[in-house]
Amino acid sequence: MAAEPKQLVNALPEQKTMYNILLIIGFVHLLNDAIQSVVPAMFPILQQSMGLTFTQLGLIAFALNLTSSLIQPVVGYYTDKKPSPYALPIGLCFTFFGVLGLAFAPSFWLVVLSVIFIGLGSATFHPEGSRVAYMAAGAKRGTAQSIYQVGGNAGQALAPLITVLIIVPFGQFGAIWFTLLAALAIGLLVYIAKWYSQQVTMLAKKKVFQKKKTQNNPETKRIVVFAITLLVFLVFARSWFHAGISNFYVFYMMEKFTITVDQALIYIFVFLAAGAFGTFAGGPLADRYGKRNILMLSMLGSAPLALLLPHVGPIFTYVLMGTIGFIILSSFSVSVVYAQELVPGKIGMVSGLIVGLAFGMGAIGSVALGAIADWIGLSNTMLFVVALPLLGLLTFFLPTDQKLREINE
């Protein structure tokens with residue numbers, strides 16, 4: 001009897017969880033996202049050295065996220081049809097040259113061009129990195145995705161600290177040190193690409209590589225399309241909130257608490273570091289309590305704390321930033337796994353859609369928030385940002401985990 005489509009998708013040559021591969025791809029994710037996160041962390045430096053407005057800073061963030069995010073579904077769609085293991089190290093070469101350009105860029109537009117190169121490298125890495133995590137997962141998809149995704153969040157969390165230690169003392173030229181991280185990532189990805197290539201060969205022999213699950217039921221198609229659209233919107237809202245905190249809240253705290261750039265960046269580090277722990281915890285929690293439940297808790301659990309954030313003092317802000325970061329980013333890996341189960345057999349495209357397109361839409365939020373801050377002031381803009389997690393109420397309309405299982409049967 002022929003195997004069912006779902007079985008074909010899951011018939012990977014490595015049935016056991018390949019923790020060595022997961023740890024390497026997670027570490028490269030850390031390096032990639034640390035490099036990418038240096039760009040917004042450099043905003044105070046670029047603002048002072050070039051006299052940039054909040055709108056220009058938002059445009060830099062937009063250029064980075066547009067290229068790093070919106071291209072991801074296209075890359076994923078292509079590699080679903082034609083796996084490209086060596087696209088991983090080639091993509092990070094773009095990042096290397098982008099960082100090099102960022103260190104020497106003398107003007108706003110050359111900064112924009114440099115971050116576009118960084119974004120192109122990231123756009124290539126993310127959907128293929130997610131595919132590597134899927135292939136190495138064995139039966140532990142939630143755990144595997146958490147290991148992979150926590151690397152990215154840890155990289156983002158390290159960026160403010162690295163900025164304090166390198167960018168603040170050395171200025172814009174300090175970005176040159178991040179070329180070493182890019183070179184290390186390229187070397188590790190060559191090793192990953194060799195393993196990935198072996199898996200592709202084995203899968204091709206078995207003729208099971210990324211078979212598409214046929215869903216002829218119109219009602220099922222309607223549910224899937226609605227759920228994916230809603231999920232993208234929720235990740236979009238979470239991205240607006242994340243952009244507001246990581247890109248602009250540092251200025252708000254400098255203004256509100258009369259503190260230095262170094263001191264303000266510590267708050268962002270607390271938010272992002274706690275988010276990394278939340279990302280790692282989210283996968284196992286979702287396996288135990290349900291993916292939709294964690295998605296719901298992520299948004300609604302952080303909403304009251306976020307609303308409280310602008311009204312507390314500097315000490316309690318540390319507590320709130322850490323708690324909010326942990327809760328709201330606990331759904332980071334869960335949203336990817338949820339989408340993969342909604343659309344089995346399209347790992348690259350779906351991963352690019354959730355992590356890429358939704359974050360690209362969040363990039364629009366960076367521009368919008370920068371323009372709004374220039375128009376109505378930073379304090380009023382932050383009041384809007386902290387209300388965004390309330391959109392988590394929409395998670396009630398997502399299909400339950402039981403419904404997901406029925407779709408895949």
# chains A, B, ... in the order shown; residues from 1 in each chain; ligands from 1

$ closest_atom_pairs --of "region 127-186 of chain A" --to "region 30-48 of chain A" --cutoff "6 Å" --atoms "only C-alpha atoms" --output "CSV"
residue,atom,partner,partner_atom,distance
A:Gly151,CA,A:Leu30,CA,4.2
A:Gly152,CA,A:Leu30,CA,4.5
A:Ala154,CA,A:Leu30,CA,5.9
A:Gly155,CA,A:Ala34,CA,4.0
A:Gln156,CA,A:Ala34,CA,5.0
A:Ala159,CA,A:Val38,CA,5.3
A:Pro160,CA,A:Ala41,CA,5.8

$ atom_distance --atom1 "CA of Ala227 (chain A)" --atom2 "CA of Thr17 (chain A)"
29.0 Å

$ residues_around --residues "region 80-88 of chain A" --least-positions-apart "5" --cutoff "10 Å" --atoms "only C-alpha atoms" --output "ChimeraX atom specification"
/A:74-75,93,121-129,131-132,185-186,188-200,209-212,345-350

$ write_last_selection --atoms "C-alpha atoms" --output "PDB file, in the first residue's frame"
ATOM      1  CA  VAL A  74      10.249  33.520  -2.396  1.00  0.00           C
ATOM      2  CA  VAL A  75      13.469  31.780  -1.331  1.00  0.00           C
ATOM      3  CA  CYS A  93      28.777  36.193   2.058  1.00  0.00           C
ATOM      4  CA  GLY A 121      22.068  37.290   3.495  1.00  0.00           C
ATOM      5  CA  SER A 122      19.476  36.930   6.223  1.00  0.00           C
ATOM      6  CA  ALA A 123      16.680  36.312   3.691  1.00  0.00           C
ATOM      7  CA  THR A 124      18.618  33.385   2.248  1.00  0.00           C
ATOM      8  CA  PHE A 125      19.535  31.933   5.625  1.00  0.00           C
ATOM      9  CA  HIS A 126      16.217  31.857   7.488  1.00  0.00           C
ATOM     10  CA  PRO A 127      13.961  29.603   5.356  1.00  0.00           C
ATOM     11  CA  GLU A 128      16.822  27.195   4.617  1.00  0.00           C
ATOM     12  CA  GLY A 129      17.890  27.218   8.264  1.00  0.00           C
ATOM     13  CA  ARG A 131      14.380  23.482   6.757  1.00  0.00           C
ATOM     14  CA  VAL A 132      17.632  22.161   8.245  1.00  0.00           C
ATOM     15  CA  ALA A 185      29.079  31.644  10.191  1.00  0.00           C
ATOM     16  CA  ILE A 186      30.132  31.026   6.583  1.00  0.00           C
ATOM     17  CA  LEU A 188      29.958  26.542   9.827  1.00  0.00           C
ATOM     18  CA  LEU A 189      27.391  26.723   7.036  1.00  0.00           C
ATOM     19  CA  VAL A 190      29.754  24.985   4.626  1.00  0.00           C
ATOM     20  CA  TYR A 191      29.702  22.027   7.056  1.00  0.00           C
ATOM     21  CA  ILE A 192      25.893  22.222   7.359  1.00  0.00           C
ATOM     22  CA  ALA A 193      25.542  22.411   3.567  1.00  0.00           C
ATOM     23  CA  LYS A 194      27.499  19.153   3.158  1.00  0.00           C
ATOM     24  CA  TRP A 195      25.174  17.367   5.635  1.00  0.00           C
ATOM     25  CA  TYR A 196      22.110  18.939   4.011  1.00  0.00           C
ATOM     26  CA  SER A 197      23.300  17.813   0.581  1.00  0.00           C
ATOM     27  CA  GLN A 198      23.606  14.227   1.822  1.00  0.00           C
ATOM     28  CA  GLN A 199      20.034  14.327   3.127  1.00  0.00           C
ATOM     29  CA  VAL A 200      18.756  15.648  -0.195  1.00  0.00           C
ATOM     30  CA  PHE A 209      11.395  15.027  -0.556  1.00  0.00           C
ATOM     31  CA  GLN A 210       8.788  17.596   0.376  1.00  0.00           C
ATOM     32  CA  LYS A 211       5.730  15.897  -1.134  1.00  0.00           C
ATOM     33  CA  LYS A 212       2.699  18.112  -1.035  1.00  0.00           C
ATOM     34  CA  GLY A 345       5.077  19.749   2.680  1.00  0.00           C
ATOM     35  CA  LYS A 346       5.890  23.441   2.179  1.00  0.00           C
ATOM     36  CA  ILE A 347       8.440  23.881   4.951  1.00  0.00           C
ATOM     37  CA  GLY A 348      10.541  26.583   3.285  1.00  0.00           C
ATOM     38  CA  MET A 349       7.688  28.679   1.931  1.00  0.00           C
ATOM     39  CA  VAL A 350       5.633  28.545   5.140  1.00  0.00           C
TER      40      VAL A 350
END

$ closest_residue --among "A:Pro310, A:Gly138, A:Gly51, A:Pro304" --to "Ser107 (chain A)" --atoms "only C-alpha atoms"
A:Gly51

$ atom_distance --atom1 "CA of Thr53 (chain A)" --atom2 "CA of Ile372 (chain A)"
11.8 Å

$ atom_distance --atom1 "CA of Ala306 (chain A)" --atom2 "CA of Gly322 (chain A)"
11.0 Å

$ select_by_dssp --residues "region 297-337 of chain A" --states "alpha helix (DSSP H)" --output "count of residues only"
33

$ closest_residue --among "A:Gly244, A:Gly98, A:Pro218, A:Gly392" --to "Gly365 (chain A)" --atoms "only C-alpha atoms"
A:Gly244

$ residues_around --residues "region 290-296 of chain A" --least-positions-apart "3" --cutoff "6 Å" --atoms "only C-alpha atoms" --output "PyMOL selection string"
chain A and resi 286-287+299+331+395

$ write_last_selection --atoms "N, CA and C atoms" --output "compact mmCIF listing (two decimals), in the first residue's frame"
# COMPACT_ATOMS: atom_id res chain seq x y z
N ALA A 286 4.33 24.20 24.19
CA ALA A 286 3.29 23.98 23.18
C ALA A 286 3.04 22.50 22.96
N ASP A 287 4.13 21.69 23.00
CA ASP A 287 3.95 20.24 22.86
C ASP A 287 3.08 19.69 23.99
N MET A 299 0.31 36.55 23.62
CA MET A 299 -0.18 37.91 23.38
C MET A 299 -0.96 38.45 24.58
N SER A 331 5.93 32.50 21.86
CA SER A 331 5.21 31.97 20.69
C SER A 331 6.02 32.06 19.41
N THR A 395 -6.62 35.38 18.59
CA THR A 395 -6.18 33.98 18.58
C THR A 395 -7.33 33.02 18.88

$ closest_residue --among "A:Phe117, A:Leu305, A:Leu265, A:Thr201" --to "Ile167 (chain A)" --atoms "only C-alpha atoms"
A:Leu265

$ residues_around --residues "Ile266 (chain A)" --least-positions-apart "4" --cutoff "10 Å" --atoms "only C-alpha atoms" --output "list in words"
Ala157, Pro160, Leu161, Val164, Val250, Val261, Asp262, Val270, Phe271, Leu272 and Tyr318 of chain A

$ write_last_selection --atoms "C-alpha atoms" --output "PDB file, in the first residue's frame"
ATOM      1  CA  ALA A 157      19.639  39.908  22.827  1.00  0.00           C
ATOM      2  CA  PRO A 160      22.819  45.788  22.708  1.00  0.00           C
ATOM      3  CA  LEU A 161      25.601  44.433  24.921  1.00  0.00           C
ATOM      4  CA  VAL A 164      27.893  48.930  24.429  1.00  0.00           C
ATOM      5  CA  VAL A 250      15.630  53.207  24.064  1.00  0.00           C
ATOM      6  CA  VAL A 261      22.655  55.321  25.708  1.00  0.00           C
ATOM      7  CA  ASP A 262      24.628  52.607  27.512  1.00  0.00           C
ATOM      8  CA  VAL A 270      16.863  42.438  29.375  1.00  0.00           C
ATOM      9  CA  PHE A 271      13.830  42.407  27.049  1.00  0.00           C
ATOM     10  CA  LEU A 272      15.611  40.472  24.297  1.00  0.00           C
ATOM     11  CA  TYR A 318      13.630  46.021  34.371  1.00  0.00           C
TER      12      TYR A 318
END

$ residues_around --residues "Ile166 (chain A)" --least-positions-apart "6" --cutoff "9 Å" --atoms "only C-alpha atoms" --output "count of residues only"
3
